[in-house]
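K.L.:
My file is my_file01.cif. It has mmCIF, C-alpha atoms:
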data_target
loop_
_atom_site.label_atom_id
_atom_site.label_comp_id
_atom_site.auth_asym_id
_atom_site.auth_seq_id
_atom_site.Cartn_x
_atom_site.Cartn_y
_atom_site.Cartn_z
CA MET A 1459 0.00 0.00 0.00
CA LYS A 1460 2.70 2.44 1.03
CA LEU A 1461 4.81 1.41 -1.93
CA SER A 1462 2.08 2.19 -4.45
CA LYS A 1463 1.50 5.55 -2.80
CA ASN A 1464 5.22 6.27 -3.07
CA PHE A 1465 4.92 5.48 -6.73
CA THR A 1466 1.81 7.47 -7.67
CA ASN A 1467 2.46 10.53 -5.53
CA PRO A 1468 5.36 12.01 -7.56
CA LEU A 1469 3.46 11.44 -10.80
CA ALA A 1470 0.70 13.95 -10.09
CA ALA A 1471 -0.01 15.45 -6.67
CA ASN A 1472 3.62 15.98 -5.72
CA ASN A 1473 5.24 16.23 -9.13
CA PRO A 1474 8.92 17.20 -8.83
CA VAL A 1475 8.80 19.70 -11.70
CA ILE A 1476 5.57 21.62 -11.33
CA VAL A 1477 5.08 21.40 -7.54
CA GLN A 1478 8.58 21.33 -6.11
CA ILE A 1479 10.05 23.37 -9.01
CA LEU A 1480 13.12 21.13 -9.26
CA GLY A 1481 15.15 20.17 -12.28
CA ILE A 1482 13.86 22.86 -14.59
CA CYS A 1483 17.42 23.68 -15.58
CA SER A 1484 18.11 20.84 -17.94
CA ALA A 1485 14.47 20.20 -18.69
CA LEU A 1486 13.11 22.88 -20.92
CA ALA A 1487 15.76 23.14 -23.58
CA VAL A 1488 15.20 19.59 -24.79
CA THR A 1489 11.46 20.04 -25.35
CA VAL A 1490 11.50 21.45 -28.87
CA LYS A 1491 10.79 17.97 -30.24
CA LEU A 1492 9.15 14.94 -28.66
CA GLU A 1493 11.96 12.45 -29.29
CA PRO A 1494 14.79 14.13 -27.34
CA ALA A 1495 12.31 14.90 -24.54
CA LEU A 1496 11.45 11.19 -24.25
CA VAL A 1497 15.10 10.16 -24.25
CA MET A 1498 15.97 12.82 -21.67
CA GLY A 1499 13.07 11.76 -19.45
CA LEU A 1500 14.14 8.12 -19.54
CA SER A 1501 17.79 9.03 -18.90
CA VAL A 1502 16.85 11.02 -15.81
CA THR A 1503 14.60 8.16 -14.62
CA PHE A 1504 17.52 5.76 -14.94
CA VAL A 1505 19.88 8.07 -13.04
CA THR A 1506 17.44 8.90 -10.21
CA ALA A 1507 16.47 5.23 -9.78
CA PHE A 1508 20.01 3.89 -9.59
CA SER A 1509 21.53 6.76 -7.61
CA ASN A 1510 18.75 6.29 -5.05
CA LEU A 1511 19.43 2.56 -4.96
CA VAL A 1512 23.21 2.91 -4.58
CA MET A 1513 23.03 5.67 -1.97
CA SER A 1514 20.42 3.75 -0.02
CA LEU A 1515 22.71 0.71 0.08
CA LEU A 1516 25.60 2.90 1.24
CA ARG A 1517 23.60 4.94 3.74
CA ASN A 1518 24.59 3.09 6.93
CA GLY A 1519 28.34 3.16 6.45
CA LEU A 1520 28.62 6.70 5.12
CA PRO A 1521 29.88 9.57 7.33
CA SER A 1522 27.59 12.53 6.74
CA ARG A 1523 30.50 14.96 6.31
CA ILE A 1524 31.55 13.45 3.01
CA ARG A 1525 28.14 12.39 1.72
CA ILE A 1526 27.75 15.25 -0.79
CA ILE A 1527 30.96 14.40 -2.63
CA VAL A 1528 30.10 10.66 -2.61
CA GLN A 1529 26.69 11.48 -4.06
CA LEU A 1530 28.25 13.60 -6.79
CA VAL A 1531 30.65 10.82 -7.72
CA VAL A 1532 27.88 8.20 -7.86
CA ILE A 1533 25.61 10.46 -9.91
CA ALA A 1534 28.39 11.57 -12.25
CA THR A 1535 29.36 7.94 -12.91
CA LEU A 1536 25.77 7.03 -13.78
CA VAL A 1537 25.49 10.04 -16.07
CA ILE A 1538 28.70 9.05 -17.85
CA VAL A 1539 27.19 5.60 -18.44
CA VAL A 1540 24.05 7.21 -19.91
CA ASP A 1541 26.10 9.60 -22.05
CA GLN A 1542 28.32 6.86 -23.47
CA PHE A 1543 25.27 4.68 -24.15
CA LEU A 1544 23.50 7.48 -26.04
CA ARG A 1545 26.62 8.23 -28.07
CA ALA A 1546 26.98 4.60 -29.02
CA TYR A 1547 23.38 3.74 -29.89
CA MET A 1548 21.48 7.00 -30.49
CA TYR A 1549 24.06 9.39 -31.89
CA ASP A 1550 21.58 11.87 -33.45
CA VAL A 1551 19.61 12.30 -30.25
CA SER A 1552 22.80 12.61 -28.24
CA LYS A 1553 23.90 15.46 -30.55
CA GLN A 1554 20.56 17.23 -30.03
CA LEU A 1555 20.77 16.87 -26.26
CA SER A 1556 24.39 18.19 -26.31
CA VAL A 1557 25.43 19.49 -22.87
CA TYR A 1558 22.10 18.76 -21.25
CA VAL A 1559 22.99 15.10 -20.66
CA GLY A 1560 25.94 16.28 -18.57
CA LEU A 1561 23.64 18.60 -16.70
CA ILE A 1562 21.68 15.65 -15.28
CA ILE A 1563 24.47 15.66 -12.65
CA THR A 1564 23.35 19.04 -11.36
CA ASN A 1565 19.67 18.24 -11.82
CA CYS A 1566 18.18 19.08 -8.45
CA ILE A 1567 15.72 16.17 -8.64
CA VAL A 1568 18.51 13.59 -8.47
CA MET A 1569 20.33 15.19 -5.52
CA GLY A 1570 17.04 16.12 -3.89
CA ARG A 1571 15.66 12.58 -3.91
CA VAL A 1572 18.93 11.12 -2.60
CA GLU A 1573 19.05 13.65 0.24
CA ALA A 1574 15.38 13.58 1.09
CA PHE A 1575 14.53 9.92 0.57
CA ALA A 1576 17.31 7.46 -0.15
CA LEU A 1577 19.44 8.32 2.89
CA GLY A 1578 16.62 7.37 5.23
CA ASN A 1579 14.86 4.48 3.51
CA LYS A 1580 15.38 0.87 2.43
CA PRO A 1581 16.93 0.17 -1.01
CA TRP A 1582 13.78 -1.15 -2.72
CA ASP A 1583 11.60 1.75 -1.53
CA SER A 1584 14.28 4.19 -2.67
CA PHE A 1585 14.47 2.56 -6.07
CA VAL A 1586 10.70 2.87 -6.55
CA ASP A 1587 10.82 6.47 -5.36
CA GLY A 1588 13.57 7.23 -7.88
CA VAL A 1589 11.67 5.63 -10.76
CA ALA A 1590 8.48 7.48 -9.86
CA ASN A 1591 10.17 10.87 -9.59
CA GLY A 1592 12.00 10.33 -12.85
CA LEU A 1593 8.73 9.43 -14.55
CA GLY A 1594 7.01 12.48 -13.05
CA TYR A 1595 9.76 14.59 -14.60
CA ALA A 1596 9.53 12.74 -17.91
CA PHE A 1597 5.76 13.25 -17.99
CA ILE A 1598 6.06 17.07 -17.80
CA LEU A 1599 8.85 17.06 -20.37
CA VAL A 1600 6.77 15.04 -22.80
CA LEU A 1601 3.73 17.23 -22.22
CA VAL A 1602 5.66 20.42 -23.00
CA ALA A 1603 7.38 18.82 -25.99
CA PHE A 1604 4.01 17.61 -27.31
CA PHE A 1605 2.60 21.15 -27.44
CA ARG A 1606 5.80 22.64 -28.83
CA GLU A 1607 6.31 20.11 -31.60
CA PHE A 1608 2.61 19.91 -32.48
CA PHE A 1609 2.08 23.65 -32.85
CA GLY A 1610 5.64 24.58 -33.75
CA SER A 1611 6.25 22.05 -36.53
CA GLY A 1612 2.82 20.47 -37.08
CA SER A 1613 4.31 17.03 -36.43
CA LEU A 1614 4.78 14.48 -33.64
CA LEU A 1615 7.93 12.37 -33.25
CA GLY A 1616 8.91 13.65 -36.69
CA PHE A 1617 5.74 12.44 -38.45
CA LYS A 1618 3.64 15.10 -40.13
CA ILE A 1619 0.24 15.33 -38.40
CA LEU A 1620 -1.18 18.60 -39.63
CA GLY A 1621 -1.37 19.00 -43.41
CA ASP A 1622 -0.05 21.74 -45.66
CA TRP A 1623 -2.86 24.10 -44.67
CA TYR A 1624 -1.22 24.60 -41.28
CA THR A 1625 1.38 27.35 -41.04
CA PRO A 1626 3.80 26.29 -38.28
CA ASN A 1627 3.96 28.75 -35.42
CA ALA A 1628 7.72 29.36 -35.22
CA LEU A 1629 7.37 31.17 -31.90
CA MET A 1630 6.72 27.80 -30.24
CA LEU A 1631 10.23 26.69 -31.16
CA PHE A 1632 11.90 29.57 -29.30
CA PRO A 1633 13.11 28.96 -25.72
CA PRO A 1634 10.76 31.44 -23.97
CA MET A 1635 7.66 29.48 -25.03
CA ALA A 1636 8.77 26.48 -22.96
CA LEU A 1637 8.64 28.67 -19.86
CA ILE A 1638 5.21 30.02 -20.73
CA ILE A 1639 3.84 26.50 -21.33
CA ILE A 1640 5.21 25.33 -17.98
CA GLY A 1641 3.59 28.38 -16.36
CA CYS A 1642 0.24 27.39 -17.90
CA ILE A 1643 0.64 23.75 -16.77
CA ILE A 1644 1.25 24.96 -13.22
CA TRP A 1645 -1.82 27.17 -13.53
CA VAL A 1646 -4.05 24.25 -14.55
CA HIS A 1647 -2.51 21.93 -11.94
CA ARG A 1648 -3.03 24.38 -9.09
CA SER A 1649 -6.56 25.20 -10.19
CA ILE A 1650 -7.36 21.52 -9.68
CA ASN A 1651 -5.27 21.00 -6.52
CA LYS A 1652 -6.41 24.04 -4.54
CA ASP A 1653 -4.35 23.22 -1.45
CA LEU A 1654 -1.13 24.03 -3.37
CA GLN A 1655 -2.14 27.63 -4.03
CA GLU A 1656 -0.11 30.36 -2.35
CA LYS A 1657 -1.96 32.76 -0.11
CA MET B 1332 36.71 39.24 -26.82
CA LEU B 1333 34.22 42.08 -26.39
CA ASN B 1334 31.98 40.22 -28.78
CA LEU B 1335 32.26 37.08 -26.67
CA PHE B 1336 31.40 39.10 -23.57
CA ILE B 1337 28.32 40.80 -25.03
CA ASN B 1338 27.26 37.51 -26.53
CA SER B 1339 27.41 35.64 -23.24
CA VAL B 1340 25.68 38.39 -21.24
CA PHE B 1341 22.80 39.27 -23.54
CA ILE B 1342 22.35 36.97 -26.52
CA GLU B 1343 23.16 33.59 -25.07
CA ASN B 1344 21.93 34.54 -21.63
CA MET B 1345 22.16 31.57 -19.27
CA VAL B 1346 18.59 31.92 -18.06
CA PHE B 1347 16.67 33.12 -21.08
CA ALA B 1348 18.35 31.10 -23.81
CA TYR B 1349 19.42 27.93 -21.99
CA PHE B 1350 17.34 27.78 -18.78
CA PHE B 1351 20.47 27.26 -16.67
CA GLY B 1352 20.17 27.72 -12.94
CA MET B 1353 16.38 27.86 -13.03
CA CYS B 1354 15.89 26.13 -9.68
CA SER B 1355 17.64 28.75 -7.59
CA TYR B 1356 16.49 31.44 -10.04
CA ILE B 1357 12.84 30.75 -9.19
CA ALA B 1358 13.44 29.95 -5.52
CA VAL B 1359 15.68 32.87 -4.56
CA SER B 1360 14.19 35.70 -6.64
CA LYS B 1361 11.75 36.91 -3.99
CA SER B 1362 13.78 39.91 -2.85
CA VAL B 1363 16.31 42.06 -4.69
CA LYS B 1364 18.81 41.96 -1.83
CA THR B 1365 19.20 38.19 -1.68
CA ALA B 1366 19.16 38.02 -5.48
CA LEU B 1367 22.11 40.43 -5.58
CA GLY B 1368 24.01 38.26 -3.08
CA LEU B 1369 23.43 35.01 -4.91
CA GLY B 1370 24.19 36.59 -8.28
CA ALA B 1371 27.52 37.90 -6.99
CA ALA B 1372 28.46 34.51 -5.57
CA VAL B 1373 27.55 32.71 -8.81
CA THR B 1374 29.52 35.19 -10.92
CA PHE B 1375 32.57 34.79 -8.68
CA VAL B 1376 32.50 30.99 -8.76
CA GLN B 1377 31.87 31.06 -12.52
CA VAL B 1378 34.89 33.34 -13.17
CA MET B 1379 37.13 30.97 -11.21
CA THR B 1380 35.86 27.56 -12.30
CA VAL B 1381 35.54 28.12 -16.06
CA PRO B 1382 39.27 28.96 -16.51
CA LEU B 1383 40.26 26.13 -14.14
CA ASN B 1384 38.21 23.67 -16.15
CA TYR B 1385 39.59 25.16 -19.35
CA LEU B 1386 43.15 24.39 -18.23
CA LEU B 1387 42.16 20.88 -17.15
CA ASN B 1388 40.43 20.37 -20.47
CA GLN B 1389 43.45 21.52 -22.48
CA TYR B 1390 46.15 19.68 -20.54
CA VAL B 1391 44.39 16.55 -19.26
CA LEU B 1392 41.12 15.77 -20.98
CA ALA B 1393 41.64 16.76 -24.61
CA PRO B 1394 42.57 14.01 -27.07
CA ASN B 1395 46.35 13.34 -27.06
CA ALA B 1396 46.91 15.77 -24.16
CA LEU B 1397 48.45 13.15 -21.88
CA GLY B 1398 50.35 11.36 -24.58
CA GLU B 1399 49.68 9.89 -28.01
CA GLY B 1400 46.36 8.05 -28.28
CA VAL B 1401 45.07 8.93 -24.82
CA ASP B 1402 41.58 10.46 -24.86
CA LEU B 1403 40.08 11.06 -21.44
CA GLY B 1404 37.12 13.05 -22.79
CA PHE B 1405 34.62 10.70 -21.20
CA LEU B 1406 35.84 11.77 -17.76
CA SER B 1407 34.89 15.45 -18.31
CA PHE B 1408 31.66 15.33 -16.30
CA ILE B 1409 33.21 13.84 -13.22
CA ILE B 1410 36.31 16.09 -13.34
CA PHE B 1411 34.28 19.26 -13.87
CA ILE B 1412 31.84 18.53 -11.06
CA ALA B 1413 34.70 17.60 -8.74
CA VAL B 1414 36.46 20.91 -9.49
CA ILE B 1415 33.25 22.85 -8.90
CA ALA B 1416 32.37 21.06 -5.66
CA ALA B 1417 35.92 21.37 -4.32
CA PHE B 1418 36.10 25.03 -5.28
CA VAL B 1419 32.78 25.88 -3.64
CA GLN B 1420 33.92 24.09 -0.48
CA LEU B 1421 37.20 26.03 -0.57
CA VAL B 1422 35.48 29.40 -1.03
CA GLU B 1423 33.16 28.58 1.83
CA MET B 1424 36.07 27.76 4.15
CA ILE B 1425 38.09 30.85 3.17
CA VAL B 1426 35.16 33.22 3.52
CA GLU B 1427 34.21 31.72 6.87
CA LYS B 1428 37.77 32.14 8.17
CA PHE B 1429 38.53 35.65 6.97
CA SER B 1430 35.21 37.45 6.74
CA PRO B 1431 32.52 36.08 9.06
CA SER B 1432 30.14 38.93 8.21
CA LEU B 1433 30.27 38.14 4.50
CA TYR B 1434 29.92 34.47 5.38
CA ASN B 1435 26.71 35.19 7.23
CA GLN B 1436 25.35 37.06 4.22
CA LEU B 1437 26.40 34.55 1.60
CA GLY B 1438 26.53 31.45 3.78
CA ILE B 1439 23.23 29.92 2.80
CA PHE B 1440 23.85 30.47 -0.90
CA LEU B 1441 27.27 28.89 -1.15
CA PRO B 1442 26.18 25.22 -0.94
CA LEU B 1443 23.40 25.99 -3.44
CA ILE B 1444 25.99 27.03 -5.99
CA ALA B 1445 27.57 23.58 -6.30
CA VAL B 1446 24.34 22.24 -7.78
CA ASN B 1447 23.56 25.37 -9.80
CA CYS B 1448 23.43 24.22 -13.41
CA ALA B 1449 24.69 27.61 -14.60
CA ILE B 1450 28.13 26.74 -13.24
CA MET B 1451 28.30 23.23 -14.65
CA GLY B 1452 26.65 24.42 -17.88
CA GLY B 1453 29.19 27.20 -18.24
CA SER B 1454 32.05 24.70 -18.09
CA LEU B 1455 30.38 22.29 -20.51
CA PHE B 1456 29.65 25.04 -23.03
CA MET B 1457 33.21 26.29 -22.65
CA GLN B 1458 34.39 22.78 -23.57
CA GLN B 1459 32.25 22.86 -26.71
CA MET B 1460 33.48 26.31 -27.71
CA VAL B 1461 37.17 25.44 -27.47
CA GLY B 1462 38.70 25.99 -30.89
CA THR B 1463 35.96 28.34 -32.13
CA GLU B 1464 35.22 31.25 -29.79
CA ILE B 1465 37.52 30.30 -26.92
CA ASN B 1466 41.22 29.92 -27.68
CA SER B 1467 43.03 31.08 -24.56
CA VAL B 1468 42.74 31.33 -20.80
CA GLY B 1469 41.80 34.99 -21.26
CA ASP B 1470 38.85 34.04 -23.45
CA SER B 1471 37.66 31.54 -20.89
CA ILE B 1472 37.81 34.16 -18.11
CA VAL B 1473 35.80 36.56 -20.27
CA TYR B 1474 33.25 33.85 -21.00
CA GLY B 1475 32.95 32.91 -17.30
CA LEU B 1476 32.52 36.57 -16.34
CA GLY B 1477 30.00 37.26 -19.10
CA SER B 1478 27.81 34.26 -18.41
CA GLY B 1479 27.92 34.91 -14.66
CA ILE B 1480 26.90 38.54 -15.13
CA GLY B 1481 24.13 37.47 -17.50
CA TRP B 1482 22.70 35.20 -14.81
CA TRP B 1483 23.11 37.93 -12.19
CA LEU B 1484 21.27 40.43 -14.38
CA ALA B 1485 18.42 38.01 -14.97
CA ILE B 1486 17.85 37.11 -11.32
CA VAL B 1487 18.00 40.73 -10.14
CA MET B 1488 15.52 41.87 -12.80
CA MET B 1489 13.23 39.00 -11.89
CA ALA B 1490 13.43 39.82 -8.18
CA ALA B 1491 12.58 43.47 -8.88
CA ILE B 1492 9.52 42.45 -10.90
CA ARG B 1493 8.38 39.96 -8.28
CA GLU B 1494 8.59 42.58 -5.54
CA LYS B 1495 6.20 44.73 -7.58
CA ILE B 1496 3.70 42.01 -8.51
CA GLU B 1497 3.10 41.33 -4.82
CA TYR B 1498 0.52 44.10 -5.12
CA SER B 1499 -1.16 42.92 -8.32
CA HIS B 1500 -4.30 40.86 -8.66
CA ILE B 1501 -3.15 37.51 -10.00
CA PRO B 1502 -5.43 34.46 -10.27
CA ALA B 1503 -4.87 32.44 -7.08
CA ALA B 1504 -3.59 29.39 -8.97
CA MET B 1505 -1.03 31.50 -10.83
CA LYS B 1506 0.60 33.00 -7.73
CA GLY B 1507 4.22 32.08 -7.03
CA PRO B 1508 6.00 29.88 -9.57
CA GLY B 1509 3.28 30.00 -12.24
CA ILE B 1510 3.50 33.71 -12.83
CA ALA B 1511 7.29 33.63 -12.35
CA PHE B 1512 7.63 31.24 -15.31
CA ILE B 1513 5.40 33.33 -17.55
CA ILE B 1514 7.26 36.55 -16.68
CA THR B 1515 10.57 34.82 -17.41
CA GLY B 1516 9.19 33.73 -20.77
CA LEU B 1517 8.16 37.27 -21.62
CA MET B 1518 11.57 38.59 -20.52
CA GLY B 1519 13.15 35.94 -22.73
CA ILE B 1520 11.16 37.17 -25.71
CA ALA B 1521 12.37 40.71 -24.95
CA PHE B 1522 15.96 39.46 -24.80
CA MET B 1523 15.62 37.86 -28.24
CA ILE B 1524 15.88 41.39 -29.60
CA PHE B 1525 19.64 41.25 -28.95
CA SER B 1526 20.23 38.26 -31.19
CA GLY B 1527 22.40 38.93 -34.20
CA ILE B 1528 24.36 41.81 -32.66
CA GLN B 1529 28.01 41.72 -33.79
CA LEU B 1530 30.72 43.96 -32.42
#
Represent the supplied structure as structure tokens.
P.N.:
Amino acid sequence: MKLSKNFTNPLAANNPVIVQILGICSALAVTVKLEPALVMGLSVTFVTAFSNLVMSLLRNGLPSRIRIIVQLVVIATLVIVVDQFLRAYMYDVSKQLSVYVGLIITNCIVMGRVEAFALGNKPWDSFVDGVANGLGYAFILVLVAFFREFFGSGSLLGFKILGDWYTPNALMLFPPMALIIIGCIIWVHRSINKDLQEK
Amino acid sequence: MLNLFINSVFIENMVFAYFFGMCSYIAVSKSVKTALGLGAAVTFVQVMTVPLNYLLNQYVLAPNALGEGVDLGFLSFIIFIAVIAAFVQLVEMIVEKFSPSLYNQLGIFLPLIAVNCAIMGGSLFMQQMVGTEINSVGDSIVYGLGSGIGWWLAIVMMAAIREKIEYSHIPAAMKGPGIAFIITGLMGIAFMIFSGIQL
């Protein structure tokens, strides 16, 4: 019961991106098209899940003075694995993501979940928590990318959806629109979940 | 060099063009005073870490730097983050020792800087620009300074606007992060006016 709540909570009610405002840094730039957004979301899910698992296994023998540097090393190693994997098997996407793969290291979601959850919970719970938070992040990324690719290029995942009659709205492809779409998603989300509204 | 500076402050602004450092940008932009403090700290760390990472990149990480056929490029992430974390720790210790009053003002921000994506992003972009825009230590200092000041400018402007909108009638669900994202988007559109400037 508790496990399933741990899993569903970060997906909607306590979403890391739109409620806790974490991990925006590397998120928005990869949302011009759906494909890089999906790959980025899955990469972050992988890194959060396994950094949570590793740190949770290490939590009892780790002096708290050096925990930050140990976390950074664990996370950086996982990100290097992801980066090398993308370069080997999905070279085009890895070119589009450019420096943002490296920025998963400083993604506040990863550090935040390790600090807030993995250091005080059992390995399996931490793993589930990491997967759920990664998926919550991926969900917002995909949502933003959906609107930007659909209205900005008239296509989804590279396939043309809207016909020739549609003039693509180039403004959607510019960086500022990602921020405005996120703002609107927060607006909708907080209109539904009234307890999150600020007084 | 002047071109590189103007470019990194206005055109390729860390916040508006690349969304770097968004987490602390949204979280710490509630008052102009704290925004000024954090901006100064980020600029300082940026000016020091970008040249350091540039030297490491040239003499350790670049292909053939450590001898024929040795390419340690895949270690960049872990080396850069280690330099940044160590440097932030060092600054914190020095400031605490020699200027306790400054430490009390900046103290809470210093640990935040290690996970600020603007710093890591600055180093990663510097690595990509080696050979085109950045060809010497001087260039890398200018780039670090420019991108730090760009971030500083953005967070101070944002804080000034947010102090004013305290008195406006905003839909309840938009208050806080929602409106902050939309304002940032609009500021980003305004900043697009600088694109294409050459000096």
K.L.:
Would you compute the distance between atom CA of Asn1344 of chain B and atom CA of Gln1478 of chain A? Give it in Å to one decimal.
P.N.:
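Answer for the atom CA of Asn1344 of chain B to atom CA of Gln1478 of chain A separation: 24.4 Å.
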K.L.:
Which value, in Å to one decimal, gives the distance between atom CA of Phe1350 of chain B and atom CA of Gln1554 of chain A?
P.N.:
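Separation between atom CA of Phe1350 of chain B and atom CA of Gln1554 of chain A: 15.8 Å.
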K.L.:
Which value, in Å to one decimal, gives the distance between atom CA of Glu1497 of chain B and atom CA of Val1363 of chain B?
P.N.:
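Separation between atom CA of Glu1497 of chain B and atom CA of Val1363 of chain B: 13.2 Å.
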K.L.:
Could you list the residues chosen by the PyMOL selection byres ((chain A) within 9 of (chain B)) in this structure as a PyMOL selection string?
P.N.:
chain A and resi 1476-1477+1479-1487+1526-1527+1530-1531+1533-1535+1537-1538+1541-1542+1557-1558+1560-1566+1569+1632-1652+1654-1657
K.L.:
Neighbours of Phe1608 of chain A within 12 Å (all atoms listed in the file; same-chain residues fewer than 2 positions away dropped), as a PyMOL selection string?
P.N.:
chain A and resi 1489-1492+1600-1606+1610-1621+1624-1628+1630-1631
K.L.:
Written as a compact mmCIF listing (two decimals) with C-alpha atoms, keeping the file's coordinate frame, which residues does the PyMOL selection byres ((chain B and resi 1384) around 9) give for the file shown?
P.N.:
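Done, and the output landed in selection_32.txt:
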# COMPACT_ATOMS: atom_id res chain seq x y z
CA MET B 1379 37.13 30.97 -11.21
CA THR B 1380 35.86 27.56 -12.30
CA VAL B 1381 35.54 28.12 -16.06
CA PRO B 1382 39.27 28.96 -16.51
CA LEU B 1383 40.26 26.13 -14.14
CA TYR B 1385 39.59 25.16 -19.35
CA LEU B 1386 43.15 24.39 -18.23
CA LEU B 1387 42.16 20.88 -17.15
CA ASN B 1388 40.43 20.37 -20.47
CA GLN B 1389 43.45 21.52 -22.48
CA ILE B 1410 36.31 16.09 -13.34
CA PHE B 1411 34.28 19.26 -13.87
CA VAL B 1414 36.46 20.91 -9.49
CA ILE B 1415 33.25 22.85 -8.90
CA SER B 1454 32.05 24.70 -18.09
CA MET B 1457 33.21 26.29 -22.65
CA GLN B 1458 34.39 22.78 -23.57
K.L.:
Using the chain letters and residue numbers of this document, give as a list in words the residues selected by the PyMOL selection byres ((chain B and resi 1337) around 10).
P.N.:
Met1332, Leu1333, Asn1334, Leu1335, Phe1336, Asn1338, Ser1339, Val1340, Phe1341, Ile1342, Glu1343, Asn1344, Val1473, Tyr1474, Gly1477, Ser1478, Gly1481, Phe1525, Ile1528, Gln1529 and Leu1530 of chain B
K.L.:
From the list A:Glu1607, A:Asp1587, A:Glu1493, A:Asp1622, which residue is nearest Ala1507 of chain A when using all atoms listed in the file?
P.N.:
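Closest to Ala1507 of chain A, using all atoms listed in the file: A:Asp1587.
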K.L.:
Kindly add N, CA, C and O atoms to the incomplete segment 1491-1504 of chain A and provide the output as a PDB file, in the coordinates of the input.
P.N.:
ATOM      1  N   LYS A1491      11.363  19.125 -29.544  1.00  0.00           N
ATOM      2  CA  LYS A1491      10.790  17.970 -30.240  1.00  0.00           C
ATOM      3  C   LYS A1491      10.478  16.881 -29.219  1.00  0.00           C
ATOM      4  O   LYS A1491      11.077  16.830 -28.151  1.00  0.00           O
ATOM      5  N   LEU A1492       9.584  15.983 -29.594  1.00  0.00           N
ATOM      6  CA  LEU A1492       9.150  14.940 -28.660  1.00  0.00           C
ATOM      7  C   LEU A1492      10.249  13.911 -28.398  1.00  0.00           C
ATOM      8  O   LEU A1492      10.428  13.450 -27.279  1.00  0.00           O
ATOM      9  N   GLU A1493      11.005  13.558 -29.444  1.00  0.00           N
ATOM     10  CA  GLU A1493      11.960  12.450 -29.290  1.00  0.00           C
ATOM     11  C   GLU A1493      13.059  12.743 -28.266  1.00  0.00           C
ATOM     12  O   GLU A1493      13.250  11.933 -27.345  1.00  0.00           O
ATOM     13  N   PRO A1494      13.792  13.879 -28.384  1.00  0.00           N
ATOM     14  CA  PRO A1494      14.790  14.130 -27.340  1.00  0.00           C
ATOM     15  C   PRO A1494      14.186  14.253 -25.956  1.00  0.00           C
ATOM     16  O   PRO A1494      14.815  13.853 -24.973  1.00  0.00           O
ATOM     17  N   ALA A1495      12.943  14.778 -25.859  1.00  0.00           N
ATOM     18  CA  ALA A1495      12.310  14.900 -24.540  1.00  0.00           C
ATOM     19  C   ALA A1495      12.097  13.525 -23.929  1.00  0.00           C
ATOM     20  O   ALA A1495      12.340  13.317 -22.740  1.00  0.00           O
ATOM     21  N   LEU A1496      11.647  12.556 -24.756  1.00  0.00           N
ATOM     22  CA  LEU A1496      11.450  11.190 -24.250  1.00  0.00           C
ATOM     23  C   LEU A1496      12.762  10.589 -23.781  1.00  0.00           C
ATOM     24  O   LEU A1496      12.840  10.010 -22.693  1.00  0.00           O
ATOM     25  N   VAL A1497      13.798  10.748 -24.607  1.00  0.00           N
ATOM     26  CA  VAL A1497      15.100  10.160 -24.250  1.00  0.00           C
ATOM     27  C   VAL A1497      15.631  10.785 -22.974  1.00  0.00           C
ATOM     28  O   VAL A1497      16.113  10.095 -22.072  1.00  0.00           O
ATOM     29  N   MET A1498      15.501  12.118 -22.870  1.00  0.00           N
ATOM     30  CA  MET A1498      15.970  12.820 -21.670  1.00  0.00           C
ATOM     31  C   MET A1498      15.216  12.343 -20.446  1.00  0.00           C
ATOM     32  O   MET A1498      15.802  12.078 -19.395  1.00  0.00           O
ATOM     33  N   GLY A1499      13.886  12.209 -20.579  1.00  0.00           N
ATOM     34  CA  GLY A1499      13.070  11.760 -19.450  1.00  0.00           C
ATOM     35  C   GLY A1499      13.501  10.395 -18.973  1.00  0.00           C
ATOM     36  O   GLY A1499      13.658  10.152 -17.772  1.00  0.00           O
ATOM     37  N   LEU A1500      13.738   9.478 -19.929  1.00  0.00           N
ATOM     38  CA  LEU A1500      14.140   8.120 -19.540  1.00  0.00           C
ATOM     39  C   LEU A1500      15.535   8.124 -18.931  1.00  0.00           C
ATOM     40  O   LEU A1500      15.797   7.390 -17.968  1.00  0.00           O
ATOM     41  N   SER A1501      16.438   8.965 -19.469  1.00  0.00           N
ATOM     42  CA  SER A1501      17.790   9.030 -18.900  1.00  0.00           C
ATOM     43  C   SER A1501      17.733   9.473 -17.447  1.00  0.00           C
ATOM     44  O   SER A1501      18.406   8.900 -16.581  1.00  0.00           O
ATOM     45  N   VAL A1502      16.926  10.521 -17.184  1.00  0.00           N
ATOM     46  CA  VAL A1502      16.850  11.020 -15.810  1.00  0.00           C
ATOM     47  C   VAL A1502      16.221   9.962 -14.905  1.00  0.00           C
ATOM     48  O   VAL A1502      16.660   9.769 -13.768  1.00  0.00           O
ATOM     49  N   THR A1503      15.210   9.230 -15.420  1.00  0.00           N
ATOM     50  CA  THR A1503      14.600   8.160 -14.620  1.00  0.00           C
ATOM     51  C   THR A1503      15.638   7.127 -14.235  1.00  0.00           C
ATOM     52  O   THR A1503      15.716   6.697 -13.078  1.00  0.00           O
ATOM     53  N   PHE A1504      16.460   6.734 -15.210  1.00  0.00           N
ATOM     54  CA  PHE A1504      17.520   5.760 -14.940  1.00  0.00           C
ATOM     55  C   PHE A1504      18.459   6.273 -13.845  1.00  0.00           C
ATOM     56  O   PHE A1504      18.776   5.566 -12.887  1.00  0.00           O
TER      57      PHE A1504
END
